[in-house]
$ cat protein.pdb   # PDB, N, CA and C atoms
ATOM      1  N   GLU V   1       0.846  -1.185   0.000
ATOM      2  CA  GLU V   1       0.000   0.000   0.000
ATOM      3  C   GLU V   1       0.887   1.241   0.000
ATOM      4  N   GLY V   2       0.579   2.191  -0.891
ATOM      5  CA  GLY V   2       1.407   3.377  -1.045
ATOM      6  C   GLY V   2       1.220   4.399   0.058
ATOM      7  N   VAL V   3       2.140   5.356   0.075
ATOM      8  CA  VAL V   3       2.111   6.428   1.077
ATOM      9  C   VAL V   3       0.814   7.227   0.972
ATOM     10  N   MET V   4       0.323   7.443  -0.259
ATOM     11  CA  MET V   4      -0.889   8.243  -0.450
ATOM     12  C   MET V   4      -2.109   7.608   0.217
ATOM     13  N   HIS V   5      -2.085   6.300   0.385
ATOM     14  CA  HIS V   5      -3.226   5.618   0.999
ATOM     15  C   HIS V   5      -3.162   5.645   2.527
ATOM     16  N   ASN V   6      -2.103   6.213   3.093
ATOM     17  CA  ASN V   6      -1.961   6.309   4.544
ATOM     18  C   ASN V   6      -2.947   7.362   5.051
ATOM     19  N   LYS V   7      -3.993   6.906   5.739
ATOM     20  CA  LYS V   7      -5.059   7.805   6.196
ATOM     21  C   LYS V   7      -4.612   8.747   7.313
ATOM     22  N   ASP V   8      -3.454   8.497   7.894
ATOM     23  CA  ASP V   8      -2.924   9.414   8.902
ATOM     24  C   ASP V   8      -2.242  10.619   8.252
ATOM     25  N   LEU V   9      -1.843  10.467   6.997
ATOM     26  CA  LEU V   9      -1.120  11.532   6.312
ATOM     27  C   LEU V   9      -1.941  12.240   5.233
ATOM     28  N   TYR V  10      -2.844  11.492   4.592
ATOM     29  CA  TYR V  10      -3.583  12.046   3.461
ATOM     30  C   TYR V  10      -5.068  11.761   3.566
ATOM     31  N   ARG V  11      -5.831  12.644   2.956
ATOM     32  CA  ARG V  11      -7.283  12.490   2.896
ATOM     33  C   ARG V  11      -7.676  12.419   1.423
ATOM     34  N   PHE V  12      -8.490  11.417   1.068
ATOM     35  CA  PHE V  12      -8.957  11.249  -0.304
ATOM     36  C   PHE V  12     -10.110  12.205  -0.557
ATOM     37  N   VAL V  13     -10.033  12.967  -1.651
ATOM     38  CA  VAL V  13     -11.052  13.957  -1.986
ATOM     39  C   VAL V  13     -11.533  13.700  -3.411
ATOM     40  N   LYS V  14     -12.836  13.431  -3.563
ATOM     41  CA  LYS V  14     -13.409  13.288  -4.897
ATOM     42  C   LYS V  14     -13.695  14.676  -5.431
ATOM     43  N   ARG V  15     -13.256  14.928  -6.630
ATOM     44  CA  ARG V  15     -13.504  16.231  -7.251
ATOM     45  C   ARG V  15     -14.795  16.181  -8.045
ATOM     46  N   VAL V  16     -15.477  17.294  -8.115
ATOM     47  CA  VAL V  16     -16.735  17.401  -8.857
ATOM     48  C   VAL V  16     -16.415  17.380 -10.347
ATOM     49  N   PRO V  17     -17.129  16.565 -11.129
ATOM     50  CA  PRO V  17     -16.880  16.534 -12.575
ATOM     51  C   PRO V  17     -17.147  17.903 -13.208
ATOM     52  N   GLN V  18     -16.303  18.271 -14.150
ATOM     53  CA  GLN V  18     -16.473  19.533 -14.861
ATOM     54  C   GLN V  18     -17.494  19.342 -15.974
ATOM     55  N   HIS V  19     -18.367  20.302 -16.146
ATOM     56  CA  HIS V  19     -19.325  20.268 -17.247
ATOM     57  C   HIS V  19     -19.613  21.693 -17.689
ATOM     58  N   PRO V  20     -20.131  21.831 -18.902
ATOM     59  CA  PRO V  20     -20.416  23.179 -19.395
ATOM     60  C   PRO V  20     -21.446  23.903 -18.519
ATOM     61  N   ALA V  21     -21.549  25.180 -18.732
ATOM     62  CA  ALA V  21     -22.529  25.973 -17.985
ATOM     63  C   ALA V  21     -23.920  25.355 -18.116
ATOM     64  N   VAL V  22     -24.638  25.363 -17.027
ATOM     65  CA  VAL V  22     -25.961  24.748 -16.991
ATOM     66  C   VAL V  22     -26.987  25.680 -17.634
ATOM     67  N   LYS V  23     -27.759  25.110 -18.550
ATOM     68  CA  LYS V  23     -28.869  25.849 -19.151
ATOM     69  C   LYS V  23     -30.139  25.495 -18.388
ATOM     70  N   LYS V  24     -31.154  26.298 -18.551
ATOM     71  CA  LYS V  24     -32.438  26.072 -17.883
ATOM     72  C   LYS V  24     -33.011  24.693 -18.218
ATOM     73  N   THR V  25     -32.713  24.213 -19.412
ATOM     74  CA  THR V  25     -33.283  22.942 -19.869
ATOM     75  C   THR V  25     -32.373  21.737 -19.620
ATOM     76  N   ASP V  26     -31.277  21.929 -18.911
ATOM     77  CA  ASP V  26     -30.380  20.824 -18.565
ATOM     78  C   ASP V  26     -30.785  20.236 -17.217
ATOM     79  N   ILE V  27     -30.824  18.919 -17.162
ATOM     80  CA  ILE V  27     -31.117  18.229 -15.904
ATOM     81  C   ILE V  27     -29.969  17.265 -15.626
ATOM     82  N   TYR V  28     -29.313  17.453 -14.502
ATOM     83  CA  TYR V  28     -28.213  16.574 -14.104
ATOM     84  C   TYR V  28     -28.741  15.591 -13.068
ATOM     85  N   VAL V  29     -28.730  14.318 -13.417
ATOM     86  CA  VAL V  29     -29.252  13.264 -12.550
ATOM     87  C   VAL V  29     -28.109  12.717 -11.701
ATOM     88  N   THR V  30     -28.353  12.618 -10.401
ATOM     89  CA  THR V  30     -27.395  11.987  -9.489
ATOM     90  C   THR V  30     -28.122  10.878  -8.737
ATOM     91  N   ARG V  31     -27.360  10.088  -8.015
ATOM     92  CA  ARG V  31     -27.996   9.038  -7.214
ATOM     93  C   ARG V  31     -28.808   9.639  -6.068
ATOM     94  N   ALA V  32     -28.445  10.838  -5.650
ATOM     95  CA  ALA V  32     -29.091  11.454  -4.490
ATOM     96  C   ALA V  32     -30.379  12.202  -4.827
ATOM     97  N   THR V  33     -30.536  12.626  -6.071
ATOM     98  CA  THR V  33     -31.721  13.402  -6.444
ATOM     99  C   THR V  33     -32.963  12.522  -6.403
ATOM    100  N   LYS V  34     -33.992  12.998  -5.764
ATOM    101  CA  LYS V  34     -35.250  12.247  -5.651
ATOM    102  C   LYS V  34     -35.915  12.138  -7.025
ATOM    103  N   PHE V  35     -36.293  10.919  -7.386
ATOM    104  CA  PHE V  35     -36.880  10.650  -8.699
ATOM    105  C   PHE V  35     -38.141  11.477  -8.959
ATOM    106  N   PRO V  36     -39.074  11.592  -7.992
ATOM    107  CA  PRO V  36     -40.276  12.406  -8.259
ATOM    108  C   PRO V  36     -39.946  13.871  -8.577
ATOM    109  N   LEU V  37     -38.894  14.400  -7.962
ATOM    110  CA  LEU V  37     -38.500  15.786  -8.252
ATOM    111  C   LEU V  37     -37.950  15.915  -9.668
ATOM    112  N   LEU V  38     -37.176  14.916 -10.093
ATOM    113  CA  LEU V  38     -36.666  14.921 -11.462
ATOM    114  C   LEU V  38     -37.821  14.868 -12.461
ATOM    115  N   LEU V  39     -38.766  13.975 -12.190
ATOM    116  CA  LEU V  39     -39.917  13.799 -13.074
ATOM    117  C   LEU V  39     -40.749  15.086 -13.148
ATOM    118  N   LYS V  40     -40.947  15.715 -12.022
ATOM    119  CA  LYS V  40     -41.716  16.971 -11.970
ATOM    120  C   LYS V  40     -41.022  18.056 -12.800
ATOM    121  N   ARG V  41     -39.702  18.122 -12.691
ATOM    122  CA  ARG V  41     -38.961  19.139 -13.437
ATOM    123  C   ARG V  41     -39.060  18.895 -14.941
ATOM    124  N   VAL V  42     -38.946  17.634 -15.367
ATOM    125  CA  VAL V  42     -39.065  17.316 -16.793
ATOM    126  C   VAL V  42     -40.461  17.678 -17.297
ATOM    127  N   HIS V  43     -41.499  17.303 -16.559
ATOM    128  CA  HIS V  43     -42.872  17.615 -16.966
ATOM    129  C   HIS V  43     -43.082  19.127 -17.084
ATOM    130  N   LYS V  44     -42.517  19.869 -16.146
ATOM    131  CA  LYS V  44     -42.655  21.324 -16.180
ATOM    132  C   LYS V  44     -41.975  21.897 -17.424
ATOM    133  N   LEU V  45     -40.790  21.399 -17.753
ATOM    134  CA  LEU V  45     -40.078  21.887 -18.931
ATOM    135  C   LEU V  45     -40.806  21.518 -20.217
ATOM    136  N   ILE V  46     -41.311  20.297 -20.287
ATOM    137  CA  ILE V  46     -42.028  19.864 -21.491
ATOM    138  C   ILE V  46     -43.310  20.684 -21.676
ATOM    139  N   GLY V  47     -43.936  21.084 -20.580
ATOM    140  CA  GLY V  47     -45.151  21.890 -20.646
ATOM    141  C   GLY V  47     -44.921  23.335 -21.026
ATOM    142  N   ASP V  48     -43.659  23.794 -20.979
ATOM    143  CA  ASP V  48     -43.314  25.175 -21.328
ATOM    144  C   ASP V  48     -43.222  25.292 -22.852
ATOM    145  N   ALA V  49     -44.065  26.113 -23.445
ATOM    146  CA  ALA V  49     -44.110  26.249 -24.906
ATOM    147  C   ALA V  49     -42.799  26.778 -25.483
ATOM    148  N   ASN V  50     -42.012  27.483 -24.681
ATOM    149  CA  ASN V  50     -40.747  28.039 -25.167
ATOM    150  C   ASN V  50     -39.614  27.019 -25.180
ATOM    151  N   VAL V  51     -39.807  25.878 -24.543
ATOM    152  CA  VAL V  51     -38.760  24.865 -24.452
ATOM    153  C   VAL V  51     -38.878  23.907 -25.632
ATOM    154  N   LYS V  52     -37.807  23.830 -26.401
ATOM    155  CA  LYS V  52     -37.782  22.948 -27.577
ATOM    156  C   LYS V  52     -37.029  21.644 -27.283
ATOM    157  N   GLU V  53     -36.177  21.662 -26.255
ATOM    158  CA  GLU V  53     -35.326  20.511 -25.977
ATOM    159  C   GLU V  53     -34.996  20.453 -24.490
ATOM    160  N   VAL V  54     -35.014  19.249 -23.942
ATOM    161  CA  VAL V  54     -34.599  19.007 -22.563
ATOM    162  C   VAL V  54     -33.446  18.015 -22.626
ATOM    163  N   CYS V  55     -32.332  18.342 -21.999
ATOM    164  CA  CYS V  55     -31.168  17.462 -21.987
ATOM    165  C   CYS V  55     -30.986  16.889 -20.585
ATOM    166  N   ILE V  56     -30.855  15.583 -20.517
ATOM    167  CA  ILE V  56     -30.691  14.890 -19.246
ATOM    168  C   ILE V  56     -29.295  14.280 -19.224
ATOM    169  N   TYR V  57     -28.531  14.609 -18.181
ATOM    170  CA  TYR V  57     -27.151  14.152 -18.057
ATOM    171  C   TYR V  57     -26.995  13.269 -16.830
ATOM    172  N   ALA V  58     -26.130  12.265 -16.948
ATOM    173  CA  ALA V  58     -25.826  11.392 -15.805
ATOM    174  C   ALA V  58     -24.467  10.746 -16.024
ATOM    175  N   MET V  59     -23.877  10.318 -14.922
ATOM    176  CA  MET V  59     -22.601   9.603 -14.973
ATOM    177  C   MET V  59     -22.652   8.399 -14.038
ATOM    178  N   GLY V  60     -21.920   7.371 -14.394
ATOM    179  CA  GLY V  60     -21.727   6.226 -13.508
ATOM    180  C   GLY V  60     -23.006   5.601 -13.021
ATOM    181  N   ALA V  61     -23.110   5.478 -11.692
ATOM    182  CA  ALA V  61     -24.240   4.805 -11.055
ATOM    183  C   ALA V  61     -25.567   5.520 -11.291
ATOM    184  N   ALA V  62     -25.538   6.783 -11.689
ATOM    185  CA  ALA V  62     -26.773   7.534 -11.933
ATOM    186  C   ALA V  62     -27.342   7.280 -13.326
ATOM    187  N   MET V  63     -26.602   6.586 -14.168
ATOM    188  CA  MET V  63     -27.075   6.324 -15.537
ATOM    189  C   MET V  63     -28.406   5.580 -15.546
ATOM    190  N   SER V  64     -28.551   4.579 -14.706
ATOM    191  CA  SER V  64     -29.803   3.811 -14.691
ATOM    192  C   SER V  64     -30.982   4.687 -14.272
ATOM    193  N   ARG V  65     -30.755   5.636 -13.371
ATOM    194  CA  ARG V  65     -31.821   6.562 -12.963
ATOM    195  C   ARG V  65     -32.204   7.482 -14.125
ATOM    196  N   ALA V  66     -31.213   7.931 -14.887
ATOM    197  CA  ALA V  66     -31.477   8.804 -16.034
ATOM    198  C   ALA V  66     -32.273   8.049 -17.101
ATOM    199  N   VAL V  67     -31.902   6.814 -17.341
ATOM    200  CA  VAL V  67     -32.626   6.004 -18.327
ATOM    201  C   VAL V  67     -34.061   5.773 -17.855
ATOM    202  N   ALA V  68     -34.228   5.459 -16.576
ATOM    203  CA  ALA V  68     -35.578   5.256 -16.028
ATOM    204  C   ALA V  68     -36.405   6.533 -16.152
ATOM    205  N   LEU V  69     -35.790   7.677 -15.932
ATOM    206  CA  LEU V  69     -36.477   8.958 -16.059
ATOM    207  C   LEU V  69     -36.962   9.170 -17.498
ATOM    208  N   VAL V  70     -36.079   8.951 -18.452
ATOM    209  CA  VAL V  70     -36.436   9.140 -19.859
ATOM    210  C   VAL V  70     -37.537   8.164 -20.276
ATOM    211  N   LEU V  71     -37.430   6.909 -19.856
ATOM    212  CA  LEU V  71     -38.447   5.922 -20.221
ATOM    213  C   LEU V  71     -39.803   6.254 -19.602
ATOM    214  N   THR V  72     -39.800   6.768 -18.383
ATOM    215  CA  THR V  72     -41.048   7.173 -17.730
ATOM    216  C   THR V  72     -41.694   8.329 -18.487
ATOM    217  N   VAL V  73     -40.884   9.296 -18.871
ATOM    218  CA  VAL V  73     -41.396  10.448 -19.634
ATOM    219  C   VAL V  73     -41.903   9.987 -20.998
ATOM    220  N   GLN V  74     -41.168   9.090 -21.624
ATOM    221  CA  GLN V  74     -41.569   8.582 -22.939
ATOM    222  C   GLN V  74     -42.893   7.815 -22.849
ATOM    223  N   ASP V  75     -43.079   7.057 -21.766
ATOM    224  CA  ASP V  75     -44.353   6.349 -21.575
ATOM    225  C   ASP V  75     -45.521   7.325 -21.462
ATOM    226  N   LYS V  76     -45.286   8.443 -20.767
ATOM    227  CA  LYS V  76     -46.365   9.415 -20.566
ATOM    228  C   LYS V  76     -46.714  10.172 -21.848
ATOM    229  N   TYR V  77     -45.691  10.619 -22.587
ATOM    230  CA  TYR V  77     -45.918  11.490 -23.739
ATOM    231  C   TYR V  77     -45.940  10.750 -25.077
ATOM    232  N   GLY V  78     -45.478   9.515 -25.097
ATOM    233  CA  GLY V  78     -45.516   8.706 -26.314
ATOM    234  C   GLY V  78     -44.837   9.365 -27.494
ATOM    235  N   PRO V  79     -45.470   9.292 -28.662
ATOM    236  CA  PRO V  79     -44.833   9.804 -29.883
ATOM    237  C   PRO V  79     -44.788  11.331 -29.984
ATOM    238  N   THR V  80     -45.312  12.045 -28.999
ATOM    239  CA  THR V  80     -45.261  13.510 -29.060
ATOM    240  C   THR V  80     -43.873  14.042 -28.732
ATOM    241  N   ILE V  81     -42.983  13.182 -28.218
ATOM    242  CA  ILE V  81     -41.609  13.609 -27.937
ATOM    243  C   ILE V  81     -40.636  12.692 -28.670
ATOM    244  N   ASN V  82     -39.481  13.225 -28.996
ATOM    245  CA  ASN V  82     -38.397  12.441 -29.596
ATOM    246  C   ASN V  82     -37.333  12.213 -28.541
ATOM    247  N   VAL V  83     -36.812  11.002 -28.498
ATOM    248  CA  VAL V  83     -35.772  10.661 -27.531
ATOM    249  C   VAL V  83     -34.524  10.263 -28.298
ATOM    250  N   GLY V  84     -33.400  10.829 -27.908
ATOM    251  CA  GLY V  84     -32.114  10.486 -28.510
ATOM    252  C   GLY V  84     -31.080  10.291 -27.427
ATOM    253  N   THR V  85     -30.060   9.517 -27.736
ATOM    254  CA  THR V  85     -29.017   9.233 -26.759
ATOM    255  C   THR V  85     -27.658   9.602 -27.331
ATOM    256  N   THR V  86     -26.855  10.228 -26.515
ATOM    257  CA  THR V  86     -25.470  10.523 -26.854
ATOM    258  C   THR V  86     -24.612  10.117 -25.670
ATOM    259  N   THR V  87     -23.513   9.453 -25.953
ATOM    260  CA  THR V  87     -22.592   9.093 -24.872
ATOM    261  C   THR V  87     -21.253   9.773 -25.112
ATOM    262  N   ALA V  88     -20.536   9.975 -24.034
ATOM    263  CA  ALA V  88     -19.216  10.596 -24.125
ATOM    264  C   ALA V  88     -18.372  10.105 -22.952
ATOM    265  N   THR V  89     -17.103  10.304 -23.074
ATOM    266  CA  THR V  89     -16.179   9.946 -22.001
ATOM    267  C   THR V  89     -15.733  11.217 -21.296
ATOM    268  N   VAL V  90     -15.745  11.165 -19.987
ATOM    269  CA  VAL V  90     -15.323  12.300 -19.169
ATOM    270  C   VAL V  90     -14.158  11.842 -18.303
ATOM    271  N   THR V  91     -13.100  12.618 -18.272
ATOM    272  CA  THR V  91     -11.960  12.297 -17.424
ATOM    273  C   THR V  91     -12.196  12.872 -16.032
ATOM    274  N   LEU V  92     -12.085  12.011 -15.036
ATOM    275  CA  LEU V  92     -12.235  12.440 -13.651
ATOM    276  C   LEU V  92     -10.899  12.341 -12.946
ATOM    277  N   VAL V  93     -10.596  13.328 -12.131
ATOM    278  CA  VAL V  93      -9.353  13.327 -11.385
ATOM    279  C   VAL V  93      -9.684  13.522  -9.912
ATOM    280  N   ASP V  94      -9.375  12.525  -9.111
ATOM    281  CA  ASP V  94      -9.541  12.645  -7.669
ATOM    282  C   ASP V  94      -8.196  13.029  -7.068
ATOM    283  N   MET V  95      -8.224  13.520  -5.846
ATOM    284  CA  MET V  95      -6.983  14.012  -5.239
ATOM    285  C   MET V  95      -6.785  13.418  -3.849
ATOM    286  N   TYR V  96      -5.549  13.409  -3.437
ATOM    287  CA  TYR V  96      -5.189  13.129  -2.054
ATOM    288  C   TYR V  96      -4.615  14.423  -1.502
ATOM    289  N   GLU V  97      -5.215  14.915  -0.421
ATOM    290  CA  GLU V  97      -4.742  16.143   0.199
ATOM    291  C   GLU V  97      -4.004  15.805   1.484
ATOM    292  N   PRO V  98      -2.863  16.430   1.726
ATOM    293  CA  PRO V  98      -2.149  16.166   2.972
ATOM    294  C   PRO V  98      -2.932  16.705   4.174
ATOM    295  N   LEU V  99      -2.901  15.956   5.251
ATOM    296  CA  LEU V  99      -3.600  16.394   6.458
ATOM    297  C   LEU V  99      -2.756  17.397   7.251
ATOM    298  N   LYS V 100      -1.434  17.352   7.059
ATOM    299  CA  LYS V 100      -0.549  18.243   7.786
ATOM    300  C   LYS V 100       0.332  18.970   6.793
ATOM    301  N   ASP V 101       0.586  20.265   7.053
ATOM    302  CA  ASP V 101       1.543  21.026   6.243
ATOM    303  C   ASP V 101       2.943  20.643   6.663
ATOM    304  N   ASP V 102       3.809  20.434   5.675
ATOM    305  CA  ASP V 102       5.212  20.096   6.004
ATOM    306  C   ASP V 102       6.048  21.330   6.141
TER
END
$ encode --input "protein.pdb" --output "structure tokens"
Amino acid sequence: EGVMHNKDLYRFVKRVPQHPAVKKTDIYVTRATKFPLLLKRVHKLIGDANVKEVCIYAMGAAMSRAVALVLTVQDKYGPTINVGTTTATVTLVDMYEPLKDD
């Protein structure tokens, strides 16, 4: 086990993934976000006549929640909405921070 894994010397810190500026129509799904709140937000956006597109983003363990959200919305609205999928790779960098200044 390396020095960085020594919990007396270093603390593991997960960094927040970088993403472009959030638009009103962007929904970022996490494992912590309550599903009914996500669904309510999508319905509200779809009901807004000025909204032409809603983008739903997720990473890792939240992907299944995002897919479930899209499928639920698709079941409700049927052929009145178009669903498309795009995947991409995001580089994540976590850090180890020293607990003591040398």
$ resolve_selection --input "protein.pdb" --expression "the PyMOL selection byres ((chain V and resi 56) around 7)" --output "number ranges by chain"
V: 25-29, 54-55, 57-58, 66
$ residues_around --input "protein.pdb" --residues "range 98-100 of chain V" --least-positions-apart "4" --cutoff "7 Å" --atoms "only N, CA and C atoms" --output "PyMOL selection string"
chain V and resi 8-11
$ atom_distance --input "protein.pdb" --atom1 "CA of Lys52 in chain V" --atom2 "CA of Leu69 in chain V"
18.2 Å
$ select_by_dssp --input "protein.pdb" --residues "range 15-95 of chain V" --states "strand (DSSP E)" --output "count of residues only"
7
$ atom_distance --input "protein.pdb" --atom1 "CA of Pro36 in chain V" --atom2 "atom N of Ala88 in chain V"
25.4 Å
$ closest_residue --input "protein.pdb" --among "V:Ser64, V:Thr89, V:Thr72, V:Asn6" --to "Arg31 in chain V" --atoms "only C-alpha atoms"
V:Ser64
$ select_by_dssp --input "protein.pdb" --residues "chain V" --states "alpha helix (DSSP H)" --output "list in words"
Phe35, Pro36, Leu37, Leu38, Leu39, Lys40, Arg41, Val42, His43, Lys44, Leu45, Ile46, Gly47, Met63, Ser64, Arg65, Ala66, Val67, Ala68, Leu69, Val70, Leu71, Thr72, Val73, Gln74, Asp75, Lys76 and Tyr77 of chain V
$ axis_aligned_box --input "protein.pdb" --around "range 9-12 of chain V" --padding-each-side "5 Å" --output "AutoDock Vina command-line options"
--center_x -5.6 --center_y 11.6 --center_z 3.2 --size_x 19.0 --size_y 12.2 --size_z 17.6
$ closest_residue --input "protein.pdb" --among "V:Ala68, V:Phe12, V:Val73, V:Lys24" --to "Leu45 in chain V" --atoms "all atoms listed in the file"
V:Lys24
$ atom_distance --input "protein.pdb" --atom1 "CA of Thr91 in chain V" --atom2 "atom C of Arg65 in chain V"
21.1 Å
$ build_atoms --input "protein.pdb" --residues "range 42-51 of chain V" --atoms "all heavy atoms" --output "CSV table (one decimal), in the frame of the given file"
chain,number,residue,atom,x,y,z
V,42,VAL,N,-38.9,17.6,-15.4
V,42,VAL,CA,-39.1,17.3,-16.8
V,42,VAL,C,-40.5,17.7,-17.3
V,42,VAL,O,-40.6,18.3,-18.3
V,42,VAL,CB,-38.8,15.8,-17.1
V,42,VAL,CG1,-39.1,15.5,-18.5
V,42,VAL,CG2,-37.3,15.5,-16.8
V,43,HIS,N,-41.5,17.3,-16.6
V,43,HIS,CA,-42.9,17.6,-17.0
V,43,HIS,C,-43.1,19.1,-17.1
V,43,HIS,O,-43.7,19.6,-18.0
V,43,HIS,CB,-43.9,17.0,-16.0
V,43,HIS,CG,-44.0,15.5,-16.0
V,43,HIS,ND1,-44.0,14.8,-17.2
V,43,HIS,CD2,-44.0,14.6,-15.0
V,43,HIS,CE1,-44.1,13.5,-16.9
V,43,HIS,NE2,-44.1,13.4,-15.6
V,44,LYS,N,-42.5,19.9,-16.1
V,44,LYS,CA,-42.7,21.3,-16.2
V,44,LYS,C,-42.0,21.9,-17.4
V,44,LYS,O,-42.5,22.8,-18.1
V,44,LYS,CB,-42.0,21.9,-14.9
V,44,LYS,CG,-42.2,23.4,-14.8
V,44,LYS,CD,-41.6,24.0,-13.5
V,44,LYS,CE,-41.7,25.5,-13.5
V,44,LYS,NZ,-41.1,26.0,-12.3
V,45,LEU,N,-40.8,21.4,-17.8
V,45,LEU,CA,-40.1,21.9,-18.9
V,45,LEU,C,-40.8,21.5,-20.2
V,45,LEU,O,-40.9,22.3,-21.1
V,45,LEU,CB,-38.6,21.3,-19.0
V,45,LEU,CG,-37.7,21.9,-17.9
V,45,LEU,CD1,-36.4,21.2,-17.9
V,45,LEU,CD2,-37.4,23.4,-18.2
V,46,ILE,N,-41.3,20.3,-20.3
V,46,ILE,CA,-42.0,19.9,-21.5
V,46,ILE,C,-43.3,20.7,-21.7
V,46,ILE,O,-43.7,21.0,-22.8
V,46,ILE,CB,-42.3,18.3,-21.4
V,46,ILE,CG1,-41.0,17.6,-21.6
V,46,ILE,CG2,-43.3,17.9,-22.5
V,46,ILE,CD1,-41.2,16.1,-21.4
V,47,GLY,N,-43.9,21.1,-20.6
V,47,GLY,CA,-45.2,21.9,-20.6
V,47,GLY,C,-44.9,23.3,-21.0
V,47,GLY,O,-45.9,24.1,-21.4
V,48,ASP,N,-43.7,23.8,-21.0
V,48,ASP,CA,-43.3,25.2,-21.3
V,48,ASP,C,-43.2,25.3,-22.9
V,48,ASP,O,-42.4,24.6,-23.5
V,48,ASP,CB,-42.0,25.5,-20.7
V,48,ASP,CG,-41.6,27.0,-20.9
V,48,ASP,OD1,-42.1,27.6,-21.9
V,48,ASP,OD2,-40.8,27.5,-20.1
V,49,ALA,N,-44.1,26.1,-23.4
V,49,ALA,CA,-44.1,26.2,-24.9
V,49,ALA,C,-42.8,26.8,-25.5
V,49,ALA,O,-42.5,26.5,-26.7
V,49,ALA,CB,-45.3,27.2,-25.3
V,50,ASN,N,-42.0,27.5,-24.7
V,50,ASN,CA,-40.7,28.0,-25.2
V,50,ASN,C,-39.6,27.0,-25.2
V,50,ASN,O,-38.6,27.3,-25.7
V,50,ASN,CB,-40.3,29.2,-24.3
V,50,ASN,CG,-41.3,30.4,-24.4
V,50,ASN,OD1,-41.8,30.6,-25.5
V,50,ASN,ND2,-41.6,31.1,-23.4
V,51,VAL,N,-39.8,25.9,-24.5
V,51,VAL,CA,-38.8,24.9,-24.5
V,51,VAL,C,-38.9,23.9,-25.6
V,51,VAL,O,-39.9,23.3,-25.8
V,51,VAL,CB,-38.8,24.1,-23.1
V,51,VAL,CG1,-37.9,22.9,-23.1
V,51,VAL,CG2,-38.6,25.0,-21.9
